[in-house]
$ cat run_14.cif   # mmCIF, C-alpha atoms; chains and numbers go by the auth columns
data_run
#
loop_
_atom_site.group_PDB
_atom_site.id
_atom_site.type_symbol
_atom_site.label_atom_id
_atom_site.label_comp_id
_atom_site.label_asym_id
_atom_site.label_seq_id
_atom_site.Cartn_x
_atom_site.Cartn_y
_atom_site.Cartn_z
_atom_site.B_iso_or_equiv
_atom_site.auth_seq_id
_atom_site.auth_asym_id
ATOM 1 C CA GLY A 1 9.127 20.944 -73.436 0.00 1 A
ATOM 2 C CA TYR A 2 5.807 19.135 -73.535 0.00 2 A
ATOM 3 C CA ILE A 3 4.159 15.932 -74.766 0.00 3 A
ATOM 4 C CA ALA A 4 0.971 15.875 -76.856 0.00 4 A
ATOM 5 C CA HIS A 5 -0.654 13.388 -79.277 0.00 5 A
ATOM 6 C CA ASP A 6 2.284 10.955 -79.563 0.00 6 A
ATOM 7 C CA SER A 7 4.711 13.875 -79.945 0.00 7 A
ATOM 8 C CA LEU A 8 7.474 15.252 -77.753 0.00 8 A
ATOM 9 C CA HIS A 9 8.566 18.883 -78.074 0.00 9 A
ATOM 10 C CA ALA A 10 11.780 19.815 -76.240 0.00 10 A
ATOM 11 C CA ASP A 11 13.896 22.960 -75.957 0.00 11 A
ATOM 12 C CA VAL A 12 17.196 23.471 -74.139 0.00 12 A
ATOM 13 C CA LEU A 13 18.594 26.943 -73.515 0.00 13 A
ATOM 14 C CA THR A 14 21.871 28.006 -71.865 0.00 14 A
ATOM 15 C CA ARG A 15 22.751 31.590 -70.995 0.00 15 A
ATOM 16 C CA ASP A 16 26.071 33.080 -69.965 0.00 16 A
ATOM 17 C CA ALA A 17 26.704 35.138 -66.835 0.00 17 A
ATOM 18 C CA THR A 18 25.340 38.266 -68.556 0.00 18 A
ATOM 19 C CA GLY A 19 22.091 36.545 -69.534 0.00 19 A
ATOM 20 C CA LYS A 20 22.937 36.300 -73.237 0.00 20 A
ATOM 21 C CA GLU A 21 21.856 33.133 -75.064 0.00 21 A
ATOM 22 C CA MET A 22 24.911 30.920 -75.557 0.00 22 A
ATOM 23 C CA TYR A 23 23.262 27.653 -76.634 0.00 23 A
ATOM 24 C CA ARG A 24 19.757 26.855 -77.861 0.00 24 A
ATOM 25 C CA LEU A 25 18.616 23.464 -79.120 0.00 25 A
ATOM 26 C CA GLY A 26 15.058 22.485 -79.932 0.00 26 A
ATOM 27 C CA ALA A 27 13.744 19.181 -81.252 0.00 27 A
ATOM 28 C CA ASN A 28 10.478 17.400 -82.026 0.00 28 A
ATOM 29 C CA ALA A 29 9.933 13.653 -81.790 0.00 29 A
ATOM 30 C CA THR A 30 6.881 11.816 -83.116 0.00 30 A
ATOM 31 C CA ALA A 31 5.865 8.169 -82.911 0.00 31 A
ATOM 32 C CA ALA A 32 3.907 6.170 -85.474 0.00 32 A
ATOM 33 C CA GLY A 33 3.620 2.559 -84.360 0.00 33 A
ATOM 34 C CA GLU A 34 7.175 1.251 -83.965 0.00 34 A
ATOM 35 C CA THR A 35 8.726 4.085 -85.988 0.00 35 A
ATOM 36 C CA TYR A 36 10.080 7.282 -84.447 0.00 36 A
ATOM 37 C CA THR A 37 10.949 10.530 -86.218 0.00 37 A
ATOM 38 C CA PHE A 38 13.211 13.236 -84.788 0.00 38 A
ATOM 39 C CA ARG A 39 13.527 16.753 -86.203 0.00 39 A
ATOM 40 C CA LEU A 40 15.660 19.713 -85.161 0.00 40 A
ATOM 41 C CA LYS A 41 13.847 23.012 -84.760 0.00 41 A
ATOM 42 C CA PRO A 42 15.139 26.236 -86.351 0.00 42 A
ATOM 43 C CA ASN A 43 16.987 28.889 -84.325 0.00 43 A
ATOM 44 C CA LEU A 44 19.844 26.577 -83.340 0.00 44 A
ATOM 45 C CA ILE A 45 22.485 28.502 -81.387 0.00 45 A
ATOM 46 C CA LEU A 46 25.971 27.080 -80.767 0.00 46 A
ATOM 47 C CA ASN A 47 28.404 29.241 -78.804 0.00 47 A
ATOM 48 C CA TYR A 48 26.410 32.432 -79.570 0.00 48 A
ATOM 49 C CA LYS A 49 26.221 31.590 -83.309 0.00 49 A
ATOM 50 C CA LEU A 50 22.811 31.279 -84.967 0.00 50 A
ATOM 51 C CA TRP A 51 22.897 28.330 -87.366 0.00 51 A
ATOM 52 C CA THR A 52 20.580 27.742 -90.317 0.00 52 A
ATOM 53 C CA VAL A 53 18.715 24.428 -90.043 0.00 53 A
ATOM 54 C CA ASP A 54 17.190 22.695 -93.065 0.00 54 A
ATOM 55 C CA PRO A 55 13.452 22.696 -92.256 0.00 55 A
ATOM 56 C CA ALA A 56 13.084 19.265 -93.902 0.00 56 A
ATOM 57 C CA ASN A 57 15.645 17.572 -91.612 0.00 57 A
ATOM 58 C CA GLU A 58 14.559 14.163 -90.291 0.00 58 A
ATOM 59 C CA ILE A 59 16.046 11.183 -88.478 0.00 59 A
ATOM 60 C CA PHE A 60 13.940 8.010 -88.640 0.00 60 A
ATOM 61 C CA TYR A 61 14.426 5.150 -86.186 0.00 61 A
ATOM 62 C CA ALA A 62 12.827 1.691 -86.087 0.00 62 A
ATOM 63 C CA ALA A 63 13.788 -1.778 -84.862 0.00 63 A
ATOM 64 C CA GLN A 64 15.410 -2.476 -88.254 0.00 64 A
ATOM 65 C CA GLY A 65 17.721 0.518 -87.945 0.00 65 A
ATOM 66 C CA PHE A 66 17.692 4.206 -88.798 0.00 66 A
ATOM 67 C CA TYR A 67 18.250 6.636 -91.634 0.00 67 A
ATOM 68 C CA VAL A 68 18.933 10.364 -91.890 0.00 68 A
ATOM 69 C CA ASN A 69 17.345 12.744 -94.384 0.00 69 A
ATOM 70 C CA LYS A 70 18.345 16.354 -95.170 0.00 70 A
ATOM 71 C CA PHE A 71 20.188 16.923 -91.888 0.00 71 A
ATOM 72 C CA ASN A 72 21.858 20.116 -93.056 0.00 72 A
ATOM 73 C CA LEU A 73 23.208 22.851 -90.768 0.00 73 A
ATOM 74 C CA SER A 74 25.148 25.942 -91.820 0.00 74 A
ATOM 75 C CA TYR A 75 26.754 29.047 -90.359 0.00 75 A
ATOM 76 C CA LEU A 76 28.746 31.375 -92.653 0.00 76 A
ATOM 77 C CA GLN A 77 31.471 29.136 -94.167 0.00 77 A
ATOM 78 C CA SER A 78 30.830 26.252 -91.748 0.00 78 A
ATOM 79 C CA GLY A 79 28.461 23.422 -92.562 0.00 79 A
ATOM 80 C CA ILE A 80 27.324 19.960 -91.526 0.00 80 A
ATOM 81 C CA GLY A 81 25.477 17.680 -93.931 0.00 81 A
ATOM 82 C CA ILE A 82 24.322 14.142 -93.127 0.00 82 A
ATOM 83 C CA GLN A 83 22.301 12.141 -95.646 0.00 83 A
ATOM 84 C CA SER A 84 21.432 8.460 -96.020 0.00 84 A
ATOM 85 C CA GLU A 85 21.792 7.146 -99.556 0.00 85 A
ATOM 86 C CA LYS A 86 18.266 5.719 -99.415 0.00 86 A
ATOM 87 C CA THR A 87 15.277 6.466 -97.216 0.00 87 A
ATOM 88 C CA GLU A 88 15.347 3.022 -95.649 0.00 88 A
ATOM 89 C CA ALA A 89 16.740 1.576 -92.439 0.00 89 A
ATOM 90 C CA ALA A 90 20.480 0.771 -92.348 0.00 90 A
ATOM 91 C CA SER A 91 21.191 2.574 -95.624 0.00 91 A
ATOM 92 C CA PRO A 92 24.777 3.916 -95.945 0.00 92 A
ATOM 93 C CA ILE A 93 25.171 7.441 -94.555 0.00 93 A
ATOM 94 C CA ASN A 94 27.273 10.187 -96.153 0.00 94 A
ATOM 95 C CA ILE A 95 28.743 12.829 -93.841 0.00 95 A
ATOM 96 C CA ASP A 96 30.184 16.168 -94.942 0.00 96 A
ATOM 97 C CA ILE A 97 31.561 18.611 -92.373 0.00 97 A
ATOM 98 C CA ASN A 98 33.239 21.818 -93.456 0.00 98 A
ATOM 99 C CA ARG A 99 35.215 24.240 -91.264 0.00 99 A
ATOM 100 C CA PHE A 100 33.437 23.319 -88.052 0.00 100 A
ATOM 101 C CA GLN A 101 34.939 24.894 -84.957 0.00 101 A
ATOM 102 C CA ILE A 102 34.891 22.170 -82.297 0.00 102 A
ATOM 103 C CA SER A 103 35.051 24.895 -79.651 0.00 103 A
ATOM 104 C CA ASP A 104 31.408 25.623 -80.527 0.00 104 A
ATOM 105 C CA ILE A 105 30.631 22.337 -78.721 0.00 105 A
ATOM 106 C CA THR A 106 33.375 22.138 -76.096 0.00 106 A
ATOM 107 C CA ALA A 107 32.659 25.657 -74.811 0.00 107 A
ATOM 108 C CA LEU A 108 29.429 24.216 -73.382 0.00 108 A
ATOM 109 C CA LEU A 109 31.412 21.864 -71.119 0.00 109 A
ATOM 110 C CA ASN A 110 33.402 24.612 -69.420 0.00 110 A
ATOM 111 C CA GLN A 111 32.495 28.256 -69.907 0.00 111 A
ATOM 112 C CA ASP A 112 35.440 29.533 -67.840 0.00 112 A
ATOM 113 C CA THR A 113 38.326 27.748 -69.593 0.00 113 A
ATOM 114 C CA LEU A 114 38.076 26.402 -73.133 0.00 114 A
ATOM 115 C CA LEU A 115 38.477 22.621 -73.053 0.00 115 A
ATOM 116 C CA ALA A 116 39.403 22.012 -76.697 0.00 116 A
ATOM 117 C CA SER A 117 39.518 23.825 -80.014 0.00 117 A
ATOM 118 C CA GLY A 118 40.349 23.076 -83.628 0.00 118 A
ATOM 119 C CA VAL A 119 38.845 23.133 -87.120 0.00 119 A
ATOM 120 C CA LEU A 120 37.106 19.939 -88.250 0.00 120 A
ATOM 121 C CA ASN A 121 36.632 18.868 -91.872 0.00 121 A
ATOM 122 C CA ALA A 122 35.217 15.477 -92.812 0.00 122 A
ATOM 123 C CA HIS A 123 34.010 13.718 -95.943 0.00 123 A
ATOM 124 C CA ALA A 124 33.059 10.182 -95.023 0.00 124 A
ATOM 125 C CA LYS A 125 30.624 7.318 -95.411 0.00 125 A
ATOM 126 C CA LEU A 126 29.294 4.900 -92.779 0.00 126 A
ATOM 127 C CA SER A 127 27.852 1.574 -93.921 0.00 127 A
ATOM 128 C CA ASP A 128 27.418 -2.101 -92.979 0.00 128 A
ATOM 129 C CA PHE A 129 25.335 -1.338 -89.900 0.00 129 A
ATOM 130 C CA ASN A 130 24.267 -4.991 -89.718 0.00 130 A
ATOM 131 C CA LYS A 131 27.798 -6.094 -88.770 0.00 131 A
ATOM 132 C CA THR A 132 29.617 -6.059 -85.433 0.00 132 A
ATOM 133 C CA LEU A 133 31.360 -2.810 -86.426 0.00 133 A
ATOM 134 C CA PRO A 134 30.159 -0.433 -89.151 0.00 134 A
ATOM 135 C CA ALA A 135 32.467 0.399 -92.048 0.00 135 A
ATOM 136 C CA PHE A 136 34.038 3.870 -92.080 0.00 136 A
ATOM 137 C CA GLU A 137 35.451 5.266 -95.325 0.00 137 A
ATOM 138 C CA GLY A 138 36.712 8.747 -96.097 0.00 138 A
ATOM 139 C CA ASN A 139 38.911 11.552 -94.810 0.00 139 A
ATOM 140 C CA VAL A 140 38.822 13.509 -91.548 0.00 140 A
ATOM 141 C CA THR A 141 41.121 16.357 -90.529 0.00 141 A
ATOM 142 C CA ILE A 142 41.288 18.464 -87.380 0.00 142 A
ATOM 143 C CA ASP A 143 43.651 21.410 -87.723 0.00 143 A
ATOM 144 C CA SER A 144 45.169 23.671 -85.059 0.00 144 A
ATOM 145 C CA ILE A 145 44.115 21.443 -82.156 0.00 145 A
ATOM 146 C CA ARG A 146 44.461 22.876 -78.674 0.00 146 A
ATOM 147 C CA TYR A 147 43.518 20.978 -75.507 0.00 147 A
ATOM 148 C CA ARG A 148 43.255 22.847 -72.207 0.00 148 A
ATOM 149 C CA GLN A 149 45.082 25.762 -73.875 0.00 149 A
ATOM 150 C CA THR A 150 47.997 23.533 -74.919 0.00 150 A
ATOM 151 C CA ALA A 151 48.859 23.421 -78.642 0.00 151 A
ATOM 152 C CA VAL A 152 48.696 19.810 -79.871 0.00 152 A
ATOM 153 C CA GLY A 153 48.977 19.900 -83.678 0.00 153 A
ATOM 154 C CA ASN A 154 47.011 18.618 -86.667 0.00 154 A
ATOM 155 C CA VAL A 155 45.294 15.246 -87.008 0.00 155 A
ATOM 156 C CA SER A 156 44.457 13.508 -90.263 0.00 156 A
ATOM 157 C CA VAL A 157 42.571 10.221 -90.702 0.00 157 A
ATOM 158 C CA LYS A 158 42.045 8.311 -93.953 0.00 158 A
ATOM 159 C CA ALA A 159 40.153 5.047 -94.330 0.00 159 A
ATOM 160 C CA SER A 160 38.959 2.808 -97.157 0.00 160 A
ATOM 161 C CA LYS A 161 37.175 -0.514 -97.377 0.00 161 A
ATOM 162 C CA ILE A 162 39.566 -3.059 -98.905 0.00 162 A
ATOM 163 C CA ALA A 163 37.444 -6.208 -98.537 0.00 163 A
ATOM 164 C CA GLU A 164 33.903 -7.189 -97.597 0.00 164 A
ATOM 165 C CA ASP A 165 34.722 -7.214 -93.875 0.00 165 A
ATOM 166 C CA LYS A 166 37.945 -5.199 -93.730 0.00 166 A
ATOM 167 C CA VAL A 167 38.789 -1.485 -93.548 0.00 167 A
ATOM 168 C CA SER A 168 42.299 -0.081 -93.915 0.00 168 A
ATOM 169 C CA ALA A 169 43.017 3.148 -92.011 0.00 169 A
ATOM 170 C CA GLU A 170 45.861 5.566 -91.412 0.00 170 A
ATOM 171 C CA ALA A 171 46.024 8.405 -88.891 0.00 171 A
ATOM 172 C CA THR A 172 48.733 11.018 -88.434 0.00 172 A
ATOM 173 C CA LEU A 173 49.551 13.674 -85.858 0.00 173 A
ATOM 174 C CA GLY A 174 51.789 16.461 -87.150 0.00 174 A
ATOM 175 C CA GLY A 175 52.719 20.012 -86.316 0.00 175 A
ATOM 176 C CA ASN A 176 53.957 21.494 -83.034 0.00 176 A
ATOM 177 C CA GLY A 177 56.983 19.219 -83.057 0.00 177 A
ATOM 178 C CA ASN A 178 54.986 16.000 -83.545 0.00 178 A
ATOM 179 C CA ASP A 179 55.394 13.239 -86.117 0.00 179 A
ATOM 180 C CA VAL A 180 53.191 10.267 -85.220 0.00 180 A
ATOM 181 C CA ASN A 181 51.629 7.747 -87.594 0.00 181 A
ATOM 182 C CA VAL A 182 49.221 4.854 -87.093 0.00 182 A
ATOM 183 C CA LYS A 183 48.517 2.362 -89.900 0.00 183 A
ATOM 184 C CA GLY A 184 46.212 -0.563 -89.464 0.00 184 A
ATOM 185 C CA THR A 185 43.164 -2.571 -90.320 0.00 185 A
ATOM 186 C CA TYR A 186 39.912 -3.130 -88.518 0.00 186 A
ATOM 187 C CA PHE A 187 37.537 -6.008 -89.081 0.00 187 A
ATOM 188 C CA LEU A 188 33.767 -5.619 -89.285 0.00 188 A
ATOM 189 C CA ASN A 189 32.790 -9.131 -88.226 0.00 189 A
ATOM 190 C CA GLN A 190 35.568 -10.474 -85.986 0.00 190 A
ATOM 191 C CA PRO A 191 34.388 -9.923 -82.391 0.00 191 A
ATOM 192 C CA GLU A 192 37.522 -11.456 -80.834 0.00 192 A
ATOM 193 C CA GLN A 193 40.071 -9.484 -82.887 0.00 193 A
ATOM 194 C CA GLN A 194 38.640 -6.239 -84.156 0.00 194 A
ATOM 195 C CA PHE A 195 41.835 -4.439 -85.172 0.00 195 A
ATOM 196 C CA GLU A 196 45.569 -4.674 -85.750 0.00 196 A
ATOM 197 C CA ALA A 197 47.830 -1.658 -86.172 0.00 197 A
ATOM 198 C CA LEU A 198 51.382 -0.350 -86.099 0.00 198 A
ATOM 199 C CA LEU A 199 52.011 2.851 -84.155 0.00 199 A
ATOM 200 C CA GLY A 200 55.097 4.711 -85.325 0.00 200 A
ATOM 201 C CA ILE A 201 56.294 7.587 -83.129 0.00 201 A
ATOM 202 C CA LYS A 202 59.118 9.424 -84.852 0.00 202 A
ATOM 203 C CA GLN A 203 58.652 12.303 -82.453 0.00 203 A
ATOM 204 C CA LEU A 204 55.999 13.126 -79.852 0.00 204 A
ATOM 205 C CA ASN A 205 56.583 16.519 -78.284 0.00 205 A
ATOM 206 C CA MET A 206 56.070 16.202 -74.524 0.00 206 A
ATOM 207 C CA ALA A 207 54.873 19.808 -74.276 0.00 207 A
ATOM 208 C CA SER A 208 51.973 19.051 -76.634 0.00 208 A
ATOM 209 C CA ILE A 209 50.463 16.434 -74.300 0.00 209 A
ATOM 210 C CA GLU A 210 50.585 18.474 -71.079 0.00 210 A
ATOM 211 C CA GLY A 211 46.887 19.300 -71.346 0.00 211 A
ATOM 212 C CA PHE A 212 45.945 15.611 -71.291 0.00 212 A
ATOM 213 C CA LEU A 213 47.886 15.036 -68.054 0.00 213 A
ATOM 214 C CA LEU A 214 45.551 17.272 -65.994 0.00 214 A
ATOM 215 C CA GLY A 215 48.314 19.298 -64.387 0.00 215 A
ATOM 216 C CA LYS A 216 50.378 16.329 -63.221 0.00 216 A
ATOM 217 C CA ILE A 217 53.253 17.497 -65.439 0.00 217 A
ATOM 218 C CA SER A 218 54.063 21.104 -66.325 0.00 218 A
ATOM 219 C CA GLU A 219 56.738 22.815 -68.408 0.00 219 A
ATOM 220 C CA ALA A 220 57.533 19.477 -70.057 0.00 220 A
ATOM 221 C CA LYS A 221 60.484 19.309 -72.429 0.00 221 A
ATOM 222 C CA GLY A 222 61.869 16.672 -74.766 0.00 222 A
ATOM 223 C CA SER A 223 60.137 14.096 -76.924 0.00 223 A
ATOM 224 C CA ILE A 224 59.145 10.428 -77.128 0.00 224 A
ATOM 225 C CA ASN A 225 59.873 8.048 -80.010 0.00 225 A
ATOM 226 C CA GLY A 226 59.389 4.370 -80.707 0.00 226 A
ATOM 227 C CA ASP A 227 57.163 1.777 -82.385 0.00 227 A
ATOM 228 C CA LEU A 228 54.301 -0.298 -81.014 0.00 228 A
ATOM 229 C CA THR A 229 52.280 -3.140 -82.486 0.00 229 A
ATOM 230 C CA LEU A 230 48.637 -3.106 -81.408 0.00 230 A
ATOM 231 C CA SER A 231 45.804 -5.600 -81.744 0.00 231 A
ATOM 232 C CA GLY A 232 42.660 -6.612 -79.921 0.00 232 A
ATOM 233 C CA LYS A 233 39.119 -5.388 -79.334 0.00 233 A
ATOM 234 C CA PHE A 234 37.999 -1.758 -79.165 0.00 234 A
ATOM 235 C CA SER A 235 36.063 -2.519 -75.981 0.00 235 A
ATOM 236 C CA ASP A 236 39.276 -3.596 -74.236 0.00 236 A
#

$ encode --input "run_14.cif" --output "structure tokens"
Amino acid sequence: GYIAHDSLHADVLTRDATGKEMYRLGANATAAGETYTFRLKPNLILNYKLWTVDPANEIFYAAQGFYVNKFNLSYLQSGIGIQSEKTEAASPINIDINRFQISDITALLNQDTLLASGVLNAHAKLSDFNKTLPAFEGNVTIDSIRYRQTAVGNVSVKASKIAEDKVSAEATLGGNGNDVNVKGTYFLNQPEQQFEALLGIKQLNMASIEGFLLGKISEAKGSINGDLTLSGKFSD
């Protein structure tokens, strides 16, 4: 990369053992007073896949906050779209992710053994950036999750804003012998108690969590069940 006339131009390239391009990411950053603009360059490569980048993509940042404009990426049936509702700082942001293979990111962390895989879909909105916690509303699913080659299952998250400073959320883990549910509420402006939730474990397949135990347990059998009440701060 290089710097010229209040602009930064950066490129990152990763090749595999054969010399083939595995990852390529380029970006430009410009400054105008106290405002900064970031743009992705074309020719984005993720895990050997050449993605199409909207040439008008922009992320603006200033002391008052940030907004995102036309941040659209696509590859075959996969796509990522991020767009602020208004071109002004702290405007709500809509996020749409379709059929994104998370292995296209995690393969960068370990080229020898795949760390994690799964198919991500998300349709969500982030807002209330002026509060202690932003509001999250929408649906997120990750299907066919594998972690360190261990099958985990499918995760689903749903959330909706039910009051000015309150979001209700539910998350489930199913498949591969799992039946786990979390229902709760998180508070946007309560620094001392940011969430309360009930964790219901009808069945958690021990074999599905082997990958998270870093080899300390192998060939696990059986399951875990029970209920837990949770509350506190996310930073704890």

$ resolve_selection --input "run_14.cif" --expression "the PyMOL selection byres ((chain A and resi 140) around 6)" --output "VMD selection string"
chain A and resid 121 to 122 139 141 156 to 157

$ resolve_selection --input "run_14.cif" --expression "the PyMOL selection byres ((chain A and resi 172) around 7)" --output "JSON, numbers by chain"
{"A": [155, 156, 157, 170, 171, 173, 174, 180, 181, 182]}

$ closest_residue --input "run_14.cif" --among "A:Leu198, A:Leu50, A:Ile93, A:Leu133" --to "Asp165 of chain A" --atoms "all atoms listed in the file"
A:Leu133

$ atom_distance --input "run_14.cif" --atom1 "atom CA of Glu58 of chain A" --atom2 "atom CA of Ala31 of chain A"
12.9 Å

$ residues_around --input "run_14.cif" --residues "segment 143-152 of chain A" --least-positions-apart "2" --cutoff "7 Å" --atoms "only C-alpha atoms" --output "MDAnalysis selection string"
chainID A and resid 114:120 141 154:155 176 208:211

$ write_last_selection --input "run_14.cif" --atoms "C-alpha atoms" --output "tab-separated table (two decimals), keeping the file's coordinate frame"
chain	number	residue	atom	x	y	z
A	114	LEU	CA	38.08	26.40	-73.13
A	115	LEU	CA	38.48	22.62	-73.05
A	116	ALA	CA	39.40	22.01	-76.70
A	117	SER	CA	39.52	23.82	-80.01
A	118	GLY	CA	40.35	23.08	-83.63
A	119	VAL	CA	38.84	23.13	-87.12
A	120	LEU	CA	37.11	19.94	-88.25
A	141	THR	CA	41.12	16.36	-90.53
A	154	ASN	CA	47.01	18.62	-86.67
A	155	VAL	CA	45.29	15.25	-87.01
A	176	ASN	CA	53.96	21.49	-83.03
A	208	SER	CA	51.97	19.05	-76.63
A	209	ILE	CA	50.46	16.43	-74.30
A	210	GLU	CA	50.58	18.47	-71.08
A	211	GLY	CA	46.89	19.30	-71.35

$ residues_near_point --input "run_14.cif" --point "(22.8, 29.5, -70.6)" --cutoff "12 Å" --atoms "all atoms listed in the file" --output "list in words"
Val12, Leu13, Thr14, Arg15, Asp16, Ala17, Thr18, Gly19, Lys20, Glu21, Met22, Tyr23, Arg24, Leu25, Ile45, Leu46, Asn47, Tyr48, Ala107, Leu108, Leu109, Asn110 and Gln111 of chain A

$ write_last_selection --input "run_14.cif" --atoms "C-alpha atoms" --output "PDB file, keeping the file's coordinate frame"
ATOM      1  CA  VAL A  12      17.196  23.471 -74.139  1.00  0.00           C
ATOM      2  CA  LEU A  13      18.594  26.943 -73.515  1.00  0.00           C
ATOM      3  CA  THR A  14      21.871  28.006 -71.865  1.00  0.00           C
ATOM      4  CA  ARG A  15      22.751  31.590 -70.995  1.00  0.00           C
ATOM      5  CA  ASP A  16      26.071  33.080 -69.965  1.00  0.00           C
ATOM      6  CA  ALA A  17      26.704  35.138 -66.835  1.00  0.00           C
ATOM      7  CA  THR A  18      25.340  38.266 -68.556  1.00  0.00           C
ATOM      8  CA  GLY A  19      22.091  36.545 -69.534  1.00  0.00           C
ATOM      9  CA  LYS A  20      22.937  36.300 -73.237  1.00  0.00           C
ATOM     10  CA  GLU A  21      21.856  33.133 -75.064  1.00  0.00           C
ATOM     11  CA  MET A  22      24.911  30.920 -75.557  1.00  0.00           C
ATOM     12  CA  TYR A  23      23.262  27.653 -76.634  1.00  0.00           C
ATOM     13  CA  ARG A  24      19.757  26.855 -77.861  1.00  0.00           C
ATOM     14  CA  LEU A  25      18.616  23.464 -79.120  1.00  0.00           C
ATOM     15  CA  ILE A  45      22.485  28.502 -81.387  1.00  0.00           C
ATOM     16  CA  LEU A  46      25.971  27.080 -80.767  1.00  0.00           C
ATOM     17  CA  ASN A  47      28.404  29.241 -78.804  1.00  0.00           C
ATOM     18  CA  TYR A  48      26.410  32.432 -79.570  1.00  0.00           C
ATOM     19  CA  ALA A 107      32.659  25.657 -74.811  1.00  0.00           C
ATOM     20  CA  LEU A 108      29.429  24.216 -73.382  1.00  0.00           C
ATOM     21  CA  LEU A 109      31.412  21.864 -71.119  1.00  0.00           C
ATOM     22  CA  ASN A 110      33.402  24.612 -69.420  1.00  0.00           C
ATOM     23  CA  GLN A 111      32.495  28.256 -69.907  1.00  0.00           C
TER      24      GLN A 111
END

$ atom_distance --input "run_14.cif" --atom1 "atom CA of Tyr67 of chain A" --atom2 "atom CA of Gly81 of chain A"
13.4 Å

$ atom_distance --input "run_14.cif" --atom1 "atom CA of Tyr75 of chain A" --atom2 "atom CA of Thr52 of chain A"
6.3 Å

$ resolve_selection --input "run_14.cif" --expression "the PyMOL selection byres ((chain A and resi 184) around 7)" --output "PyMOL selection string"
chain A and resi 168-170+182-183+185-186+196-198

$ closest_residue --input "run_14.cif" --among "A:Ala27, A:Ala10, A:Leu188, A:Ala163" --to "Lys233 of chain A" --atoms "all atoms listed in the file"
A:Leu188

$ residues_near_point --input "run_14.cif" --point "(38.2, -4.4, -85.9)" --cutoff "9 Å" --atoms "only C-alpha atoms" --output "PyMOL selection string"
chain A and resi 132-133+166-167+185-196+231-234

$ closest_residue --input "run_14.cif" --among "A:Leu199, A:Ala62, A:Ala207, A:Ile102" --to "Gly153 of chain A" --atoms "all atoms listed in the file"
A:Ala207

$ closest_residue --input "run_14.cif" --among "A:Asn69, A:Gly200, A:Thr113, A:Thr35" --to "Leu228 of chain A" --atoms "all atoms listed in the file"
A:Gly200

$ closest_residue --input "run_14.cif" --among "A:Leu40, A:Leu126, A:Ala63, A:Ala159" --to "Asn94 of chain A" --atoms "only C-alpha atoms"
A:Leu126

$ build_atoms --input "run_14.cif" --residues "segment 156-167 of chain A" --atoms "N, CA and C atoms" --output "mmCIF file, in the coordinates of the input"
data_model
loop_
_atom_site.group_PDB
_atom_site.id
_atom_site.type_symbol
_atom_site.label_atom_id
_atom_site.label_comp_id
_atom_site.auth_asym_id
_atom_site.auth_seq_id
_atom_site.Cartn_x
_atom_site.Cartn_y
_atom_site.Cartn_z
ATOM 1 N N SER A 156 45.051 13.919 -88.996
ATOM 2 C CA SER A 156 44.457 13.508 -90.263
ATOM 3 C C SER A 156 44.152 12.014 -90.208
ATOM 4 N N VAL A 157 42.978 11.628 -90.666
ATOM 5 C CA VAL A 157 42.571 10.221 -90.702
ATOM 6 C C VAL A 157 42.045 9.897 -92.095
ATOM 7 N N LYS A 158 42.521 8.789 -92.661
ATOM 8 C CA LYS A 158 42.045 8.311 -93.953
ATOM 9 C C LYS A 158 41.676 6.835 -93.816
ATOM 10 N N ALA A 159 40.576 6.450 -94.423
ATOM 11 C CA ALA A 159 40.153 5.047 -94.330
ATOM 12 C C ALA A 159 39.455 4.623 -95.615
ATOM 13 N N SER A 160 39.619 3.356 -95.973
ATOM 14 C CA SER A 160 38.959 2.808 -97.157
ATOM 15 C C SER A 160 38.659 1.331 -96.928
ATOM 16 N N LYS A 161 37.575 0.883 -97.501
ATOM 17 C CA LYS A 161 37.175 -0.514 -97.377
ATOM 18 C C LYS A 161 37.928 -1.323 -98.422
ATOM 19 N N ILE A 162 38.725 -2.302 -97.982
ATOM 20 C CA ILE A 162 39.566 -3.059 -98.905
ATOM 21 C C ILE A 162 39.069 -4.483 -99.121
ATOM 22 N N ALA A 163 38.067 -4.895 -98.369
ATOM 23 C CA ALA A 163 37.444 -6.208 -98.537
ATOM 24 C C ALA A 163 36.053 -6.136 -97.923
ATOM 25 N N GLU A 164 35.283 -7.192 -98.078
ATOM 26 C CA GLU A 164 33.903 -7.189 -97.597
ATOM 27 C C GLU A 164 33.807 -6.899 -96.108
ATOM 28 N N ASP A 165 34.764 -7.397 -95.323
ATOM 29 C CA ASP A 165 34.722 -7.214 -93.875
ATOM 30 C C ASP A 165 35.999 -6.587 -93.336
ATOM 31 N N LYS A 166 36.652 -5.735 -94.155
ATOM 32 C CA LYS A 166 37.945 -5.199 -93.730
ATOM 33 C C LYS A 166 38.101 -3.748 -94.183
ATOM 34 N N VAL A 167 38.540 -2.894 -93.255
ATOM 35 C CA VAL A 167 38.789 -1.485 -93.548
ATOM 36 C C VAL A 167 40.237 -1.154 -93.197
#
